[in-house]
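Colleague: See query.csv below, with CSV, N, CA and C atoms.
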```
chain,number,residue,atom,x,y,z
A,1,MET,N,3.0,-13.9,-5.0
A,1,MET,CA,2.3,-12.7,-4.5
A,1,MET,C,3.3,-11.6,-4.3
A,2,PRO,N,3.2,-10.5,-5.0
A,2,PRO,CA,4.1,-9.4,-4.8
A,2,PRO,C,3.7,-8.6,-3.5
A,3,ILE,N,4.6,-8.1,-2.8
A,3,ILE,CA,4.4,-7.3,-1.6
A,3,ILE,C,5.4,-6.1,-1.7
A,4,ALA,N,4.9,-4.9,-1.4
A,4,ALA,CA,5.7,-3.7,-1.4
A,4,ALA,C,5.6,-3.0,-0.1
A,5,GLY,N,6.7,-2.6,0.4
A,5,GLY,CA,6.7,-1.7,1.6
A,5,GLY,C,6.9,-0.3,1.0
A,6,VAL,N,6.0,0.6,1.4
A,6,VAL,CA,6.0,2.0,0.8
A,6,VAL,C,5.9,3.1,1.9
A,7,LEU,N,6.4,4.2,1.5
A,7,LEU,CA,6.2,5.4,2.2
A,7,LEU,C,5.2,6.3,1.4
A,8,ILE,N,4.2,6.7,2.0
A,8,ILE,CA,3.2,7.6,1.3
A,8,ILE,C,3.4,9.0,1.8
A,9,LEU,N,3.8,9.9,1.0
A,9,LEU,CA,4.0,11.3,1.3
A,9,LEU,C,2.7,12.0,1.2
A,10,THR,N,2.4,12.7,2.3
A,10,THR,CA,1.1,13.5,2.3
A,10,THR,C,1.4,14.9,2.7
A,11,GLN,N,0.4,15.7,2.5
A,11,GLN,CA,0.4,17.1,3.0
A,11,GLN,C,0.2,16.9,4.5
A,12,PRO,N,1.0,17.5,5.4
A,12,PRO,CA,0.9,17.3,6.8
A,12,PRO,C,-0.5,17.5,7.4
A,13,GLU,N,-1.2,18.5,7.0
A,13,GLU,CA,-2.5,18.7,7.6
A,13,GLU,C,-3.6,17.7,7.1
A,14,LEU,N,-3.3,16.9,6.1
A,14,LEU,CA,-4.2,15.9,5.7
A,14,LEU,C,-3.8,14.4,6.0
A,15,SER,N,-2.7,14.3,6.7
A,15,SER,CA,-2.1,12.9,7.0
A,15,SER,C,-3.1,12.1,7.8
A,16,ASP,N,-3.7,12.6,8.8
A,16,ASP,CA,-4.7,11.8,9.6
A,16,ASP,C,-5.8,11.3,8.8
A,17,ASN,N,-6.4,12.2,7.9
A,17,ASN,CA,-7.5,11.8,7.1
A,17,ASN,C,-7.1,10.7,6.1
A,18,ALA,N,-5.9,10.9,5.5
A,18,ALA,CA,-5.3,9.9,4.5
A,18,ALA,C,-5.2,8.6,5.2
A,19,LEU,N,-4.7,8.6,6.4
A,19,LEU,CA,-4.5,7.3,7.2
A,19,LEU,C,-5.8,6.6,7.4
A,20,VAL,N,-6.8,7.3,7.7
A,20,VAL,CA,-8.2,6.7,7.9
A,20,VAL,C,-8.6,6.1,6.6
A,21,LYS,N,-8.5,6.8,5.5
A,21,LYS,CA,-8.9,6.2,4.2
A,21,LYS,C,-8.1,5.0,3.8
A,22,LEU,N,-6.8,5.1,4.0
A,22,LEU,CA,-5.9,3.9,3.7
A,22,LEU,C,-6.3,2.7,4.5
A,23,ASN,N,-6.7,2.9,5.7
A,23,ASN,CA,-7.1,1.7,6.6
A,23,ASN,C,-8.3,1.1,6.1
A,24,LYS,N,-9.1,1.7,5.3
A,24,LYS,CA,-10.3,1.1,4.7
A,24,LYS,C,-10.1,0.4,3.4
A,25,MET,N,-8.9,0.5,2.8
A,25,MET,CA,-8.6,-0.1,1.5
A,25,MET,C,-8.2,-1.5,1.7
A,26,ASN,N,-8.7,-2.4,0.8
A,26,ASN,CA,-8.3,-3.8,0.7
A,26,ASN,C,-6.8,-3.9,0.3
A,27,LYS,N,-6.1,-4.8,0.8
A,27,LYS,CA,-4.7,-5.1,0.4
A,27,LYS,C,-3.7,-4.0,0.8
A,28,VAL,N,-4.1,-3.2,1.7
A,28,VAL,CA,-3.2,-2.1,2.3
A,28,VAL,C,-3.2,-2.3,3.8
A,29,THR,N,-2.0,-2.4,4.3
A,29,THR,CA,-1.8,-2.4,5.8
A,29,THR,C,-0.9,-1.2,6.2
A,30,THR,N,-1.4,-0.4,7.1
A,30,THR,CA,-0.6,0.8,7.5
A,30,THR,C,0.0,0.6,8.9
A,31,TYR,N,1.1,1.3,9.1
A,31,TYR,CA,1.9,1.2,10.3
A,31,TYR,C,2.1,2.6,11.0
A,32,GLY,N,1.2,3.5,10.7
A,32,GLY,CA,1.3,4.8,11.3
A,32,GLY,C,1.9,5.9,10.5
A,33,ILE,N,1.9,7.1,11.1
A,33,ILE,CA,2.4,8.3,10.5
A,33,ILE,C,3.8,8.6,11.1
A,34,HIS,N,4.8,8.9,10.2
A,34,HIS,CA,6.1,9.2,10.7
A,34,HIS,C,6.4,10.7,10.3
A,35,LYS,N,6.9,11.4,11.2
A,35,LYS,CA,7.3,12.8,11.0
A,35,LYS,C,6.2,13.7,10.3
A,36,GLU,N,5.0,13.5,10.7
A,36,GLU,CA,3.8,14.3,10.3
A,36,GLU,C,3.3,14.1,8.9
A,37,ASN,N,4.1,13.6,8.0
A,37,ASN,CA,3.6,13.5,6.6
A,37,ASN,C,4.1,12.3,5.8
A,38,TYR,N,4.6,11.3,6.5
A,38,TYR,CA,4.9,10.0,5.8
A,38,TYR,C,4.0,8.9,6.5
A,39,ILE,N,3.3,8.2,5.7
A,39,ILE,CA,2.5,7.1,6.2
A,39,ILE,C,3.3,5.8,5.7
A,40,ILE,N,3.6,5.0,6.7
A,40,ILE,CA,4.3,3.7,6.4
A,40,ILE,C,3.2,2.6,6.1
A,41,ALA,N,3.4,1.9,5.0
A,41,ALA,CA,2.3,1.0,4.6
A,41,ALA,C,3.0,-0.2,3.8
A,42,VAL,N,2.2,-1.3,3.8
A,42,VAL,CA,2.6,-2.5,3.0
A,42,VAL,C,1.4,-2.7,2.1
A,43,LEU,N,1.7,-2.9,0.8
A,43,LEU,CA,0.7,-3.2,-0.2
A,43,LEU,C,0.9,-4.7,-0.7
A,44,GLU,N,-0.2,-5.4,-0.9
A,44,GLU,CA,-0.2,-6.8,-1.3
A,44,GLU,C,-1.1,-6.9,-2.5
A,45,GLY,N,-0.6,-7.7,-3.5
A,45,GLY,CA,-1.4,-7.9,-4.7
A,45,GLY,C,-1.2,-9.3,-5.3
A,46,ASN,N,-2.0,-9.6,-6.3
A,46,ASN,CA,-1.8,-10.9,-6.9
A,46,ASN,C,-0.8,-10.8,-8.1
A,47,SER,N,-0.5,-9.6,-8.5
A,47,SER,CA,0.5,-9.3,-9.6
A,47,SER,C,1.1,-7.9,-9.4
A,48,ILE,N,2.1,-7.7,-10.1
A,48,ILE,CA,2.7,-6.4,-10.1
A,48,ILE,C,1.7,-5.3,-10.6
A,49,SER,N,1.0,-5.7,-11.6
A,49,SER,CA,0.0,-4.7,-12.2
A,49,SER,C,-1.1,-4.4,-11.1
A,50,GLU,N,-1.4,-5.3,-10.3
A,50,GLU,CA,-2.4,-5.0,-9.2
A,50,GLU,C,-1.7,-4.0,-8.2
A,51,LEU,N,-0.5,-4.2,-7.9
A,51,LEU,CA,0.2,-3.2,-7.0
A,51,LEU,C,0.2,-1.8,-7.7
A,52,GLU,N,0.4,-1.8,-9.0
A,52,GLU,CA,0.3,-0.5,-9.7
A,52,GLU,C,-1.1,0.1,-9.6
A,53,THR,N,-2.1,-0.7,-9.7
A,53,THR,CA,-3.5,-0.2,-9.6
A,53,THR,C,-3.7,0.3,-8.2
A,54,ILE,N,-3.3,-0.4,-7.2
A,54,ILE,CA,-3.5,0.1,-5.8
A,54,ILE,C,-2.8,1.4,-5.6
A,55,THR,N,-1.5,1.5,-6.1
A,55,THR,CA,-0.8,2.8,-6.0
A,55,THR,C,-1.5,3.9,-6.7
A,56,ASN,N,-1.9,3.7,-7.9
A,56,ASN,CA,-2.6,4.7,-8.6
A,56,ASN,C,-3.9,5.1,-7.9
A,57,SER,N,-4.6,4.2,-7.3
A,57,SER,CA,-5.8,4.5,-6.6
A,57,SER,C,-5.5,5.4,-5.4
A,58,ILE,N,-4.4,5.0,-4.7
A,58,ILE,CA,-4.0,5.8,-3.5
A,58,ILE,C,-3.8,7.3,-3.9
A,59,THR,N,-3.0,7.5,-5.0
A,59,THR,CA,-2.6,8.8,-5.4
A,59,THR,C,-3.8,9.6,-6.0
A,60,SER,N,-4.7,8.9,-6.6
A,60,SER,CA,-5.8,9.7,-7.3
A,60,SER,C,-7.0,9.9,-6.4
A,61,LYS,N,-7.2,9.0,-5.5
A,61,LYS,CA,-8.5,9.0,-4.7
A,61,LYS,C,-8.4,9.5,-3.3
A,62,ILE,N,-7.2,9.7,-2.8
A,62,ILE,CA,-7.1,10.1,-1.4
A,62,ILE,C,-6.5,11.5,-1.4
A,63,PRO,N,-7.3,12.5,-0.9
A,63,PRO,CA,-6.9,13.9,-0.9
A,63,PRO,C,-5.6,14.0,0.0
A,64,GLY,N,-4.7,14.8,-0.4
A,64,GLY,CA,-3.5,15.1,0.4
A,64,GLY,C,-2.3,14.2,0.1
A,65,VAL,N,-2.5,13.1,-0.7
A,65,VAL,CA,-1.4,12.2,-1.0
A,65,VAL,C,-0.6,12.9,-2.1
A,66,ILE,N,0.7,13.0,-1.9
A,66,ILE,CA,1.6,13.6,-2.9
A,66,ILE,C,2.2,12.5,-3.7
A,67,GLY,N,2.6,11.4,-3.1
A,67,GLY,CA,3.2,10.3,-3.8
A,67,GLY,C,3.3,9.1,-3.0
A,68,VAL,N,3.5,7.9,-3.7
A,68,VAL,CA,3.8,6.7,-3.0
A,68,VAL,C,5.1,6.2,-3.5
A,69,TYR,N,6.0,6.0,-2.5
A,69,TYR,CA,7.4,5.6,-2.8
A,69,TYR,C,7.8,4.3,-2.2
A,70,PRO,N,8.1,3.3,-3.1
A,70,PRO,CA,8.5,2.0,-2.6
A,70,PRO,C,9.8,2.0,-1.9
A,71,SER,N,9.9,1.3,-0.8
A,71,SER,CA,11.2,1.1,-0.1
A,71,SER,C,11.7,-0.4,-0.4
A,72,TYR,N,10.8,-1.3,-0.6
A,72,TYR,CA,11.2,-2.6,-1.0
A,72,TYR,C,10.0,-3.3,-1.8
A,73,VAL,N,10.3,-4.2,-2.6
A,73,VAL,CA,9.3,-5.0,-3.3
A,73,VAL,C,9.8,-6.5,-3.2
A,74,ASN,N,8.9,-7.4,-2.8
A,74,ASN,CA,9.3,-8.8,-2.7
A,74,ASN,C,8.2,-9.6,-3.3
A,75,TYR,N,8.6,-10.8,-3.8
A,75,TYR,CA,7.6,-11.7,-4.5
A,75,TYR,C,7.6,-13.0,-3.7
A,76,GLU,N,6.5,-13.3,-3.1
A,76,GLU,CA,6.4,-14.6,-2.4
A,76,GLU,C,5.5,-15.5,-3.1
A,77,GLU,N,6.0,-16.7,-3.3
A,77,GLU,CA,5.2,-17.7,-4.0
A,77,GLU,C,4.3,-18.4,-3.0
A,78,ILE,N,3.0,-18.6,-3.4
A,78,ILE,CA,2.1,-19.3,-2.5
A,78,ILE,C,2.0,-20.7,-2.9
A,79,GLU,N,2.2,-21.6,-1.9
A,79,GLU,CA,2.2,-23.0,-2.2
A,79,GLU,C,0.7,-23.5,-2.3
A,80,THR,N,0.5,-24.3,-3.2
A,80,THR,CA,-0.9,-24.9,-3.3
A,80,THR,C,-0.7,-26.4,-3.3
A,81,GLN,N,-1.7,-27.0,-2.7
A,81,GLN,CA,-1.7,-28.5,-2.6
A,81,GLN,C,-2.6,-29.0,-3.6
A,82,GLU,N,-2.0,-29.9,-4.4
A,82,GLU,CA,-2.8,-30.5,-5.5
A,82,GLU,C,-3.3,-31.9,-5.0
A,83,SER,N,-4.5,-32.2,-5.3
A,83,SER,CA,-5.1,-33.5,-5.0
A,83,SER,C,-4.5,-34.6,-5.8
A,84,THR,N,-4.3,-35.7,-5.1
A,84,THR,CA,-3.7,-36.8,-5.8
A,84,THR,C,-4.7,-37.9,-6.0
A,85,GLU,N,-6.0,-37.6,-5.9
A,85,GLU,CA,-7.0,-38.6,-6.1
A,85,GLU,C,-7.2,-38.9,-7.5
```
What would the structure in this file look like if it were written as structure tokens?
Modeller:
Amino acid sequence: MPIAGVLILTQPELSDNALVKLNKMNKVTTYGIHKENYIIAVLEGNSISELETITNSITSKIPGVIGVYPSYVNYEEIETQESTE
């Protein structure tokens, strides 16, 4: 499962509204606004392409978002238990 820590650059006057909309999105966790126009967030997906889809959705559907900038990307494997029956 890929996870990306991102900074979302917004127009300062629209940051609060963008934060509200981001908090309603699946697979997006926010950690507040920094310096009036950066929203700190973590994106989670099942694939890198899903992270790209989430990023594209943020930039195209949320007014005031200027860009989404990754600070880190990590890939965690999810362990599954197989039945031995």
Colleague: Give me, please, the distance in Å between atom CA of A:Tyr75 and atom CA of A:Lys61, quoted to one decimal.
Modeller: 26.2 Å
Colleague: Separation of atom CA of A:Leu19 and atom N of A:Leu51, in Å?
Modeller: 19.4 Å
Colleague: Taking the chain letters and numbering used in this document, name the residues of chain A that DSSP puts in helix (DSSP H, G or I), as an MDAnalysis selection string.
Modeller: chainID A and resid 12:23 48:61
Colleague: When you count all atoms listed in the file, which of these residues is closest to A:Leu43: A:Thr29, A:Thr59, A:Asn74, A:Asn17?
Modeller: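 Using all atoms listed in the file, A:Leu43 sits closest to A:Thr29.
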Colleague: Looking at only N, CA and C atoms, which of A:Gly64, A:His34, A:Glu44, A:Glu76 is the one that sits closest to A:Glu13?
Modeller: A:Gly64
Colleague: Excluding A:Ala4 and residues on its chain fewer than 2 positions from it, collect all residues at most 12 Å away from it, counting only C-alpha atoms, and give them as JSON, numbers by chain.
Modeller: {"A": [1, 2, 6, 7, 8, 27, 28, 29, 30, 40, 41, 42, 43, 44, 45, 46, 47, 48, 50, 51, 52, 54, 55, 68, 69, 70, 71, 72, 73, 74, 75, 76]}
Colleague: Counting only C-alpha atoms, figure out which residue out of A:Ile3, A:Gly32, A:Glu77, A:Ser49 gets nearest to A:Val20.
Modeller: A:Gly32
Colleague: So that I can see what lies close to A:Leu14, please list as a list in words the residues with an atom at most 10 Å from it, counting only C-alpha atoms and leaving out residues fewer than 6 positions away in the same chain.
Modeller: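 Here the qualifying residues turn out to be Glu36, Asn37, Ile62, Pro63, Gly64 and Val65 of chain A.
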Colleague: List every residue of chain A that DSSP, applied to the backbone of this structure, places in strand (DSSP E or B), and write the result as a VMD selection string.
Modeller: chain A and resid 2 to 10 28 to 34 38 to 44 65 to 75
Colleague: Separation of atom CA of A:Asn26 and atom N of A:Thr10, in Å?
Modeller: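 Interatomic distance, atom CA of A:Asn26 to atom N of A:Thr10: 19.7 Å.
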Colleague: Using only C-alpha atoms, which of the listed residues (A:Thr53, A:Met25, A:Tyr38, A:Tyr31) sits closest to A:Pro12?
Modeller: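 Under the stated criterion, the closest residue is A:Tyr38.
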